[in-house]
>>> print(open('start34.cif').read())   # mmCIF, C-alpha atoms and all ligand atoms
data_run
loop_
_atom_site.label_atom_id
_atom_site.label_comp_id
_atom_site.auth_asym_id
_atom_site.auth_seq_id
_atom_site.Cartn_x
_atom_site.Cartn_y
_atom_site.Cartn_z
CA MET A 1 117.95 -18.08 151.50
CA LEU A 2 116.59 -15.28 153.72
CA ASN A 3 118.84 -13.83 156.43
CA GLN A 4 121.75 -16.02 155.43
CA SER A 5 125.07 -14.85 156.78
CA ILE A 6 128.15 -14.69 154.59
CA ALA A 7 130.37 -17.74 155.11
CA ILE A 8 133.15 -16.75 152.72
CA GLU A 9 134.12 -13.40 151.30
CA LEU A 10 136.95 -12.52 148.95
CA LYS A 11 137.58 -8.77 148.82
CA ASN A 12 139.72 -7.61 145.92
CA VAL A 13 141.82 -10.77 146.18
CA SER A 14 144.58 -11.45 143.65
CA LYS A 15 147.47 -13.89 143.61
CA THR A 16 150.77 -13.59 141.80
CA TYR A 17 153.27 -16.44 142.13
CA LYS A 18 156.98 -15.70 142.16
CA MET A 19 158.79 -18.05 139.83
CA PRO A 20 162.25 -19.52 140.60
CA LYS A 21 164.02 -17.35 138.03
CA GLY A 22 162.59 -14.15 139.49
CA GLU A 23 159.73 -13.62 137.03
CA SER A 24 156.14 -13.59 138.30
CA PHE A 25 152.84 -15.10 137.17
CA GLN A 26 149.41 -13.70 138.02
CA ALA A 27 147.28 -16.80 138.65
CA LEU A 28 144.34 -14.82 140.04
CA LYS A 29 143.21 -11.39 138.86
CA PRO A 30 141.53 -9.10 141.47
CA LEU A 31 138.35 -10.83 142.53
CA ASN A 32 135.34 -10.11 144.75
CA LEU A 33 133.15 -13.01 145.76
CA SER A 34 130.64 -13.80 148.55
CA ILE A 35 129.35 -17.23 149.44
CA LYS A 36 126.44 -17.54 151.87
CA SER A 37 126.23 -19.96 154.79
CA GLY A 38 124.54 -23.16 153.69
CA GLU A 39 125.29 -22.69 150.00
CA CYS A 40 126.71 -25.41 147.77
CA PHE A 41 128.89 -23.43 145.37
CA ALA A 42 130.83 -24.76 142.38
CA LEU A 43 134.03 -23.36 140.95
CA LEU A 44 134.56 -24.75 137.48
CA GLY A 45 137.27 -24.16 134.90
CA HIS A 46 139.84 -25.83 132.69
CA ASN A 47 143.19 -27.01 134.12
CA GLY A 48 145.18 -24.01 135.32
CA ALA A 49 142.17 -21.64 135.49
CA GLY A 50 142.92 -20.75 139.13
CA LYS A 51 140.48 -22.88 141.15
CA THR A 52 143.05 -24.50 143.45
CA THR A 53 144.71 -21.12 143.94
CA ILE A 54 141.41 -19.77 145.34
CA ILE A 55 141.09 -22.82 147.58
CA SER A 56 144.65 -22.43 148.88
CA LEU A 57 143.81 -18.82 149.82
CA LEU A 58 140.62 -19.90 151.63
CA ALA A 59 142.57 -22.58 153.47
CA GLY A 60 145.28 -20.10 154.45
CA VAL A 61 147.93 -22.23 152.72
CA ASN A 62 148.84 -19.32 150.44
CA LYS A 63 148.63 -15.59 151.12
CA PRO A 64 146.86 -13.28 148.69
CA THR A 65 149.06 -10.76 146.87
CA SER A 66 146.33 -8.14 147.32
CA GLY A 67 143.07 -8.01 149.23
CA ASP A 68 141.90 -10.41 151.92
CA VAL A 69 139.77 -13.50 152.42
CA PHE A 70 137.22 -13.67 155.24
CA ILE A 71 135.75 -16.83 156.76
CA ASN A 72 132.63 -16.08 158.83
CA GLY A 73 133.86 -12.50 159.02
CA LEU A 74 137.40 -13.35 160.23
CA SER A 75 140.43 -12.46 158.16
CA VAL A 76 142.39 -15.48 156.92
CA THR A 77 145.51 -13.31 156.85
CA ASN A 78 145.26 -12.10 160.47
CA GLN A 79 143.32 -14.88 162.19
CA SER A 80 144.34 -17.98 160.31
CA GLU A 81 144.40 -20.25 163.40
CA LYS A 82 140.70 -19.53 163.98
CA THR A 83 139.67 -19.61 160.31
CA LYS A 84 141.44 -22.95 159.75
CA ARG A 85 139.24 -24.52 162.44
CA MET A 86 136.10 -23.31 160.68
CA ILE A 87 136.83 -25.11 157.45
CA GLY A 88 137.60 -28.62 156.30
CA VAL A 89 139.60 -28.96 153.11
CA VAL A 90 139.78 -32.00 150.87
CA GLN A 91 142.84 -31.31 148.77
CA GLN A 92 143.29 -32.47 145.22
CA GLU A 93 146.56 -34.30 145.90
CA LEU A 94 146.25 -37.61 147.69
CA ILE A 95 148.09 -37.17 150.96
CA ALA A 96 147.99 -40.42 152.89
CA ASP A 97 151.40 -41.68 153.79
CA SER A 98 151.16 -42.38 157.50
CA PHE A 99 151.80 -45.72 159.21
CA PHE A 100 148.74 -45.19 161.43
CA ASN A 101 145.43 -46.95 160.86
CA LEU A 102 142.35 -44.88 160.02
CA PRO A 103 140.88 -44.36 163.54
CA THR A 104 144.31 -43.46 164.97
CA MET A 105 145.03 -41.05 162.14
CA LEU A 106 141.60 -39.41 162.64
CA ASN A 107 142.27 -39.15 166.39
CA ILE A 108 145.57 -37.39 165.72
CA GLN A 109 143.93 -35.15 163.10
CA SER A 110 141.24 -34.13 165.61
CA LYS A 111 143.91 -32.98 168.07
CA LEU A 112 145.83 -31.19 165.32
CA SER A 113 142.60 -29.39 164.43
CA GLY A 114 142.19 -28.28 168.06
CA VAL A 115 139.32 -30.53 169.15
CA ILE A 116 139.01 -33.49 171.52
CA PRO A 117 138.65 -36.68 169.42
CA ASP A 118 135.00 -37.76 169.25
CA LYS A 119 134.90 -41.55 168.85
CA HIS A 120 131.22 -41.59 167.85
CA TRP A 121 131.76 -38.98 165.16
CA ILE A 122 134.86 -40.80 163.85
CA ASP A 123 132.91 -44.09 163.68
CA PHE A 124 130.04 -42.29 161.98
CA LEU A 125 132.39 -40.82 159.35
CA LEU A 126 134.04 -44.20 158.73
CA ASP A 127 130.62 -45.81 158.36
CA LYS A 128 129.18 -43.18 156.06
CA LEU A 129 132.27 -43.18 153.85
CA GLN A 130 132.31 -46.98 153.74
CA LEU A 131 135.75 -47.13 155.33
CA GLN A 132 134.88 -49.09 158.48
CA GLU A 133 135.89 -52.40 156.90
CA HIS A 134 139.32 -50.92 156.07
CA SER A 135 139.90 -49.35 159.48
CA LYS A 136 142.74 -51.74 160.36
CA LYS A 137 144.76 -50.72 157.29
CA THR A 138 147.35 -47.99 157.53
CA THR A 139 146.57 -45.05 155.29
CA ARG A 140 149.49 -46.11 153.04
CA GLU A 141 147.71 -49.41 152.42
CA LEU A 142 144.52 -47.82 151.09
CA SER A 143 143.61 -47.77 147.40
CA GLY A 144 143.32 -44.43 145.59
CA GLY A 145 139.52 -44.32 145.96
CA MET A 146 139.77 -45.23 149.66
CA LYS A 147 142.37 -42.49 150.19
CA ARG A 148 139.95 -39.94 148.68
CA ARG A 149 137.24 -40.99 151.10
CA MET A 150 139.74 -40.97 153.94
CA MET A 151 140.58 -37.37 153.04
CA ILE A 152 136.89 -36.45 153.32
CA ALA A 153 136.75 -38.07 156.79
CA ARG A 154 139.90 -36.16 157.77
CA ALA A 155 138.47 -32.84 156.54
CA LEU A 156 135.29 -33.40 158.57
CA VAL A 157 136.81 -34.77 161.77
CA HIS A 158 136.68 -31.42 163.60
CA LYS A 159 133.04 -30.79 162.51
CA PRO A 160 133.69 -27.69 160.40
CA LYS A 161 130.86 -25.46 159.16
CA ILE A 162 132.45 -25.12 155.72
CA LEU A 163 133.72 -27.98 153.56
CA ILE A 164 136.00 -27.28 150.62
CA LEU A 165 136.20 -30.06 148.09
CA ASP A 166 138.93 -29.84 145.44
CA GLU A 167 138.04 -32.57 142.94
CA PRO A 168 136.85 -34.91 145.69
CA THR A 169 135.70 -37.75 143.48
CA ALA A 170 138.64 -38.07 141.07
CA GLY A 171 139.49 -41.77 140.91
CA VAL A 172 136.43 -42.89 142.89
CA ASP A 173 134.26 -45.51 141.19
CA ILE A 174 130.73 -44.55 140.20
CA GLN A 175 128.96 -46.49 142.97
CA LEU A 176 131.10 -45.02 145.75
CA ARG A 177 130.91 -41.58 144.13
CA GLN A 178 127.12 -41.76 144.46
CA SER A 179 127.24 -42.84 148.11
CA MET A 180 129.83 -40.14 148.86
CA TRP A 181 127.55 -37.52 147.37
CA LYS A 182 124.57 -38.90 149.29
CA PHE A 183 126.52 -38.33 152.51
CA ILE A 184 127.77 -34.86 151.48
CA GLU A 185 124.18 -33.93 150.57
CA GLU A 186 123.01 -35.09 153.99
CA LEU A 187 125.62 -32.82 155.65
CA HIS A 188 124.61 -29.99 153.34
CA LEU A 189 120.95 -30.37 154.32
CA ASN A 190 122.11 -30.03 157.93
CA GLY A 191 123.63 -26.64 157.14
CA LEU A 192 127.18 -27.37 155.91
CA THR A 193 128.46 -24.80 153.40
CA ILE A 194 130.18 -26.49 150.46
CA ILE A 195 132.66 -25.18 147.90
CA LEU A 196 133.32 -27.65 145.13
CA THR A 197 135.74 -27.80 142.25
CA THR A 198 135.25 -30.69 139.89
CA HIS A 199 135.79 -31.74 136.31
CA TYR A 200 132.67 -33.95 136.58
CA LEU A 201 130.22 -31.23 135.58
CA GLN A 202 127.18 -33.37 136.39
CA GLU A 203 128.19 -33.12 140.08
CA ALA A 204 128.03 -29.33 139.96
CA GLU A 205 124.80 -29.43 137.93
CA GLU A 206 123.15 -31.83 140.36
CA TYR A 207 124.28 -30.51 143.73
CA CYS A 208 125.30 -26.83 143.50
CA SER A 209 122.91 -23.88 143.60
CA ARG A 210 125.42 -21.37 142.18
CA ILE A 211 128.15 -22.00 139.67
CA ALA A 212 131.18 -19.89 138.80
CA ILE A 213 133.21 -20.57 135.66
CA MET A 214 136.86 -19.49 135.72
CA LYS A 215 139.15 -18.78 132.82
CA SER A 216 142.78 -17.59 133.07
CA GLY A 217 142.53 -16.41 136.68
CA GLU A 218 139.14 -14.70 136.36
CA ILE A 219 135.54 -15.63 137.05
CA VAL A 220 133.95 -15.15 133.64
CA THR A 221 130.47 -16.35 134.64
CA LEU A 222 128.72 -16.54 137.98
CA LYS A 223 125.09 -17.59 137.96
CA GLU A 224 122.40 -19.56 139.68
CA ASN A 225 122.46 -23.14 138.42
CA LYS A 226 119.07 -22.83 136.64
CA GLU A 227 120.00 -19.53 135.04
CA LEU A 228 123.21 -21.02 133.65
CA LEU A 229 121.45 -24.10 132.32
CA ALA A 230 118.86 -21.90 130.60
CA LEU A 231 121.70 -20.39 128.54
CA GLY A 232 122.09 -23.76 126.84
CA GLY A 233 118.85 -23.18 124.98
CA LYS A 234 115.50 -24.90 124.95
CA HIS A 235 114.63 -28.55 125.33
CA LYS A 236 113.97 -30.12 121.97
CA VAL A 237 112.07 -32.99 120.50
CA SER A 238 114.03 -34.20 117.46
CA CYS A 239 113.76 -36.80 114.76
CA LEU A 240 116.10 -38.32 112.23
CA ILE A 241 114.81 -38.64 108.72
CA GLU A 242 116.11 -40.30 105.57
CA VAL A 243 116.33 -38.26 102.35
CA PRO A 244 118.23 -39.18 99.18
CA ASN A 245 120.22 -35.93 98.86
CA VAL A 246 120.25 -33.72 101.98
CA HIS A 247 121.50 -30.48 100.40
CA GLN A 248 119.17 -30.62 97.40
CA TRP A 249 116.30 -31.47 99.72
CA LEU A 250 117.11 -28.54 102.02
CA ASP A 251 117.32 -26.11 99.06
CA LYS A 252 113.75 -27.04 98.30
CA HIS A 253 112.26 -27.26 101.78
CA SER A 254 114.26 -25.14 104.23
CA ALA A 255 111.97 -22.09 103.84
CA TYR A 256 108.95 -24.21 104.79
CA LEU A 257 110.78 -25.65 107.81
CA LYS A 258 111.76 -22.15 108.95
CA GLU A 259 108.16 -20.93 108.55
CA ASN A 260 107.15 -23.72 110.94
CA SER A 261 109.97 -22.94 113.41
CA ILE A 262 111.54 -26.32 112.78
CA GLY A 263 115.31 -26.52 113.21
CA PHE A 264 117.25 -28.66 110.71
CA GLU A 265 120.76 -29.99 110.58
CA PRO A 266 122.41 -32.56 108.27
CA VAL A 267 123.60 -35.61 110.20
CA LYS A 268 127.10 -37.00 109.68
CA LYS A 269 126.76 -40.57 108.46
CA VAL A 270 128.21 -43.12 110.82
CA SER A 271 127.96 -46.86 110.25
CA ASN A 272 124.80 -47.47 112.32
CA SER A 273 123.18 -44.07 111.74
CA THR A 274 119.80 -44.38 110.08
CA GLY A 275 119.14 -40.76 109.23
CA ASP A 276 120.51 -38.08 106.93
CA LEU A 277 118.87 -35.04 108.49
CA LYS A 278 117.79 -34.02 111.98
CA LEU A 279 114.64 -31.95 112.46
CA SER A 280 113.95 -30.39 115.86
CA LEU A 281 111.28 -28.39 117.61
CA ASN A 282 111.57 -26.69 121.02
CA TYR A 283 109.29 -27.47 123.94
CA GLU A 284 108.95 -26.09 127.45
CA LYS A 285 110.67 -28.31 130.01
CA GLY A 286 108.25 -29.97 132.42
CA GLU A 287 105.15 -29.09 130.34
CA MET A 288 103.66 -32.24 128.92
CA SER A 289 101.20 -30.34 126.69
CA SER A 290 104.07 -28.41 125.09
CA PHE A 291 106.03 -31.64 124.51
CA ILE A 292 102.98 -33.34 122.95
CA SER A 293 102.16 -30.41 120.67
CA SER A 294 105.80 -30.17 119.44
CA SER A 295 105.94 -33.93 118.79
CA LYS A 296 102.61 -33.75 116.93
CA LYS A 297 103.76 -30.84 114.80
CA LEU A 298 106.99 -32.62 113.90
CA ASN A 299 104.96 -35.65 112.86
CA GLU A 300 102.53 -33.56 110.80
CA VAL A 301 105.33 -31.78 108.95
CA SER A 302 107.09 -35.09 108.26
CA HIS A 303 103.84 -36.54 106.97
CA LYS A 304 103.16 -33.51 104.76
CA LEU A 305 106.62 -33.74 103.21
CA SER A 306 106.34 -37.55 102.88
CA LEU A 307 109.36 -38.07 105.07
CA LYS A 308 110.36 -41.35 106.63
CA ILE A 309 111.21 -40.87 110.30
CA SER A 310 113.81 -43.38 111.46
CA GLU A 311 114.17 -42.25 115.04
CA ILE A 312 112.54 -39.78 117.43
CA PHE A 313 114.15 -38.55 120.67
CA THR A 314 114.44 -35.62 123.09
CA GLU A 315 117.48 -33.39 123.65
CA SER A 316 118.14 -31.46 126.87
CA PRO A 317 120.87 -28.86 127.20
CA GLY A 318 123.19 -29.74 130.09
CA LEU A 319 125.87 -27.85 131.99
CA GLU A 320 128.57 -29.48 129.86
CA GLU A 321 127.18 -27.86 126.70
CA VAL A 322 126.90 -24.43 128.33
CA TYR A 323 130.38 -24.75 129.85
CA MET A 324 131.96 -25.66 126.51
CA LYS A 325 130.21 -22.75 124.76
CA ILE A 326 131.37 -20.27 127.42
CA ASN A 327 134.95 -21.55 127.30
CA GLU A 328 135.05 -21.44 123.51
CA GLY A 329 133.70 -17.87 123.61
CA ASN A 330 130.53 -18.95 121.77
CA LEU A 331 128.18 -17.72 124.46
CA LYS A 332 128.07 -14.14 125.64
CA VAL A 333 127.23 -13.98 129.34
N1 LIG B 1 153.07 -22.51 143.49
C1 LIG B 1 152.94 -22.07 142.25
N2 LIG B 1 153.93 -21.38 141.64
C2 LIG B 1 153.80 -20.91 140.40
N3 LIG B 1 152.69 -21.06 139.64
C3 LIG B 1 151.66 -21.75 140.18
C4 LIG B 1 151.72 -22.29 141.50
N4 LIG B 1 150.55 -22.90 141.77
C5 LIG B 1 149.79 -22.76 140.66
N5 LIG B 1 150.45 -22.07 139.71
C6 LIG B 1 149.95 -21.68 138.38
O1 LIG B 1 148.77 -20.93 138.58
C7 LIG B 1 147.79 -21.25 137.56
C8 LIG B 1 146.51 -21.69 138.24
O2 LIG B 1 146.75 -22.94 138.88
P1 LIG B 1 145.64 -23.68 139.75
O3 LIG B 1 146.28 -24.88 140.37
O4 LIG B 1 145.00 -22.69 140.63
O5 LIG B 1 144.62 -24.14 138.60
P2 LIG B 1 143.33 -25.08 138.67
O6 LIG B 1 142.21 -24.31 138.06
O7 LIG B 1 143.14 -25.57 140.05
O8 LIG B 1 143.77 -26.28 137.72
P3 LIG B 1 143.44 -27.86 137.77
O9 LIG B 1 142.04 -28.05 137.25
O10 LIG B 1 144.46 -28.44 136.86
O11 LIG B 1 143.60 -28.31 139.19
C9 LIG B 1 148.43 -22.32 136.68
O12 LIG B 1 148.98 -21.67 135.54
C10 LIG B 1 149.54 -22.89 137.56
O13 LIG B 1 150.63 -23.37 136.78
#
>>> encode(input="start34.cif", output="structure tokens")
Amino acid sequence: MLNQSIAIELKNVSKTYKMPKGESFQALKPLNLSIKSGECFALLGHNGAGKTTIISLLAGVNKPTSGDVFINGLSVTNQSEKTKRMIGVVQQELIADSFFNLPTMLNIQSKLSGVIPDKHWIDFLLDKLQLQEHSKKTTRELSGGMKRRMMIARALVHKPKILILDEPTAGVDIQLRQSMWKFIEELHLNGLTIILTTHYLQEAEEYCSRIAIMKSGEIVTLKENKELLALGGKHKVSCLIEVPNVHQWLDKHSAYLKENSIGFEPVKKVSNSTGDLKLSLNYEKGEMSSFISSSKKLNEVSHKLSLKISEIFTESPGLEEVYMKINEGNLKV
């Protein structure tokens, strides 16, 4: 990450929409944000948090109410023709209503984006996005998942340095989603800067190095991926045990469990659940010796208390857990 230039910069940017009846709504509170060239950056947040508003400002589709957005140092407000050529945007709405087939549409899009159509690049995009076999169809005749992939091809046709993906995989089946990400990752490794909004949090967890979480028009958390995941707590080895009366049993034994740093939690009985209580012990991720010693200790304690273990498993905090905690205000960041 040394000597990386800034690809995107928002300086004191806010956005207030004027409503039809004259009232106004502040969708984005004043915000400063820098994204480096070559980063894969995620913008997460519930519906209406303001993610698409940020994207529309980057794309020059909307104007900020205050401040300015810079793409590779150029102002989107004053030099939008140039900044538009530097970015490719995959919008959330499926826009694919032309009567042209895919190669023709991509040819036209190239010219609209100010470049000479590159047949090899267009073929490459169609191949990589598994659209070649549908190239005779007009864009109207594509399925929802095909339209999404077509929108990625369209956003990349002028070889931009920055790709903005607003929920790019909504409606795409799991197999194609994986191959789409494989291709996007390939482009990223070749230096493409990526801004992603998604409701599939695993995508952000897997591919993005920094993650921002938005709430009501504000970024409430902005951290490195690893740092954010660490907020979810430690990795645990856990077991389910059967006891005749959980609360009575805990009255008697909870002090001993605490002394041994063992977490405990009654388990809600569901039809195929075989335990009444969950016992857990932390371990350091990636350290086998720590995992073994925690598993051993859990076994020893169970043996000492004559407990019958019905199931043993590991638990890893994921981005989804951290995200939910932050949104519910249960995690101070
Ligand atoms: N053109 C507009 N006029 C008025 N209000 C708008 C307009 N566009 C968006 N909004 C409002 O701004 C807020 C932020 O919307 P935005 O589309 O940025 O959210 P989002 O985080 O992208 O949501 P989602 O996950 O549902 O796509 C919402 O309350 C929305 O209703």
>>> closest_residue(input="start34.cif", among="A:Asn32, A:Glu39, A:Ala59, A:Asp68", to="Asn190 in chain A", atoms="all atoms listed in the file")
A:Glu39
>>> closest_residue(input="start34.cif", among="A:Leu279, A:Ala7, A:Val220, A:Met180", to="Ser254 in chain A", atoms="all atoms listed in the file")
A:Leu279
>>> closest_residue(input="start34.cif", among="A:Lys308, A:Lys215, A:Lys161, A:Lys11", to="ligand LIG 1 (chain B)", atoms="only C-alpha atoms and all ligand atoms")
A:Lys215
>>> closest_residue(input="start34.cif", among="A:Leu129, A:Leu44, A:Ala49, A:Val172", to="ligand LIG 1 (chain B)", atoms="all atoms listed in the file")
A:Ala49
>>> closest_residue(input="start34.cif", among="A:Lys136, A:Arg85, A:Arg210, A:Lys63", to="ligand LIG 1 (chain B)", atoms="all atoms listed in the file")
A:Lys63
>>> decode(input="start34.cif", residues="range 199-244 of chain A", atoms="C-alpha atoms", output="CSV table (one decimal), in the first residue's frame")
chain,number,residue,atom,x,y,z
A,199,HIS,CA,-26.2,-6.9,1.1
A,200,TYR,CA,-24.2,-10.1,0.7
A,201,LEU,CA,-21.8,-9.4,3.6
A,202,GLN,CA,-19.6,-12.4,2.8
A,203,GLU,CA,-18.7,-10.6,-0.5
A,204,ALA,CA,-17.4,-7.6,1.4
A,205,GLU,CA,-15.7,-9.9,4.0
A,206,GLU,CA,-14.0,-12.0,1.4
A,207,TYR,CA,-12.9,-9.4,-1.2
A,208,CYS,CA,-12.6,-5.9,0.4
A,209,SER,CA,-9.7,-4.6,2.4
A,210,ARG,CA,-11.6,-1.7,4.1
A,211,ILE,CA,-15.2,-1.6,5.1
A,212,ALA,CA,-17.4,1.4,5.9
A,213,ILE,CA,-20.8,0.9,7.6
A,214,MET,CA,-23.4,3.6,7.0
A,215,LYS,CA,-26.4,4.5,9.0
A,216,SER,CA,-28.9,7.3,8.3
A,217,GLY,CA,-26.6,9.2,5.9
A,218,GLU,CA,-23.4,8.8,8.0
A,219,ILE,CA,-20.4,6.5,8.0
A,220,VAL,CA,-20.6,5.1,11.6
A,221,THR,CA,-17.6,2.7,11.2
A,222,LEU,CA,-14.7,2.7,8.8
A,223,LYS,CA,-12.1,0.0,9.4
A,224,GLU,CA,-9.7,-2.4,7.9
A,225,ASN,CA,-11.5,-5.7,7.2
A,226,LYS,CA,-9.4,-7.6,9.9
A,227,GLU,CA,-9.9,-4.9,12.5
A,228,LEU,CA,-13.7,-5.0,12.0
A,229,LEU,CA,-13.8,-8.7,12.2
A,230,ALA,CA,-11.8,-8.7,15.4
A,231,LEU,CA,-14.6,-6.7,17.0
A,232,GLY,CA,-16.8,-9.7,16.7
A,233,GLY,CA,-14.9,-11.4,19.5
A,234,LYS,CA,-12.7,-14.4,19.7
A,235,HIS,CA,-13.0,-17.8,17.9
A,236,LYS,CA,-14.5,-20.3,20.2
A,237,VAL,CA,-14.6,-24.1,20.7
A,238,SER,CA,-18.0,-25.0,22.1
A,239,CYS,CA,-19.9,-28.0,23.2
A,240,LEU,CA,-23.5,-28.8,23.9
A,241,ILE,CA,-24.2,-30.7,27.1
A,242,GLU,CA,-27.3,-32.4,28.5
A,243,VAL,CA,-28.3,-31.5,32.1
A,244,PRO,CA,-31.7,-32.2,33.8
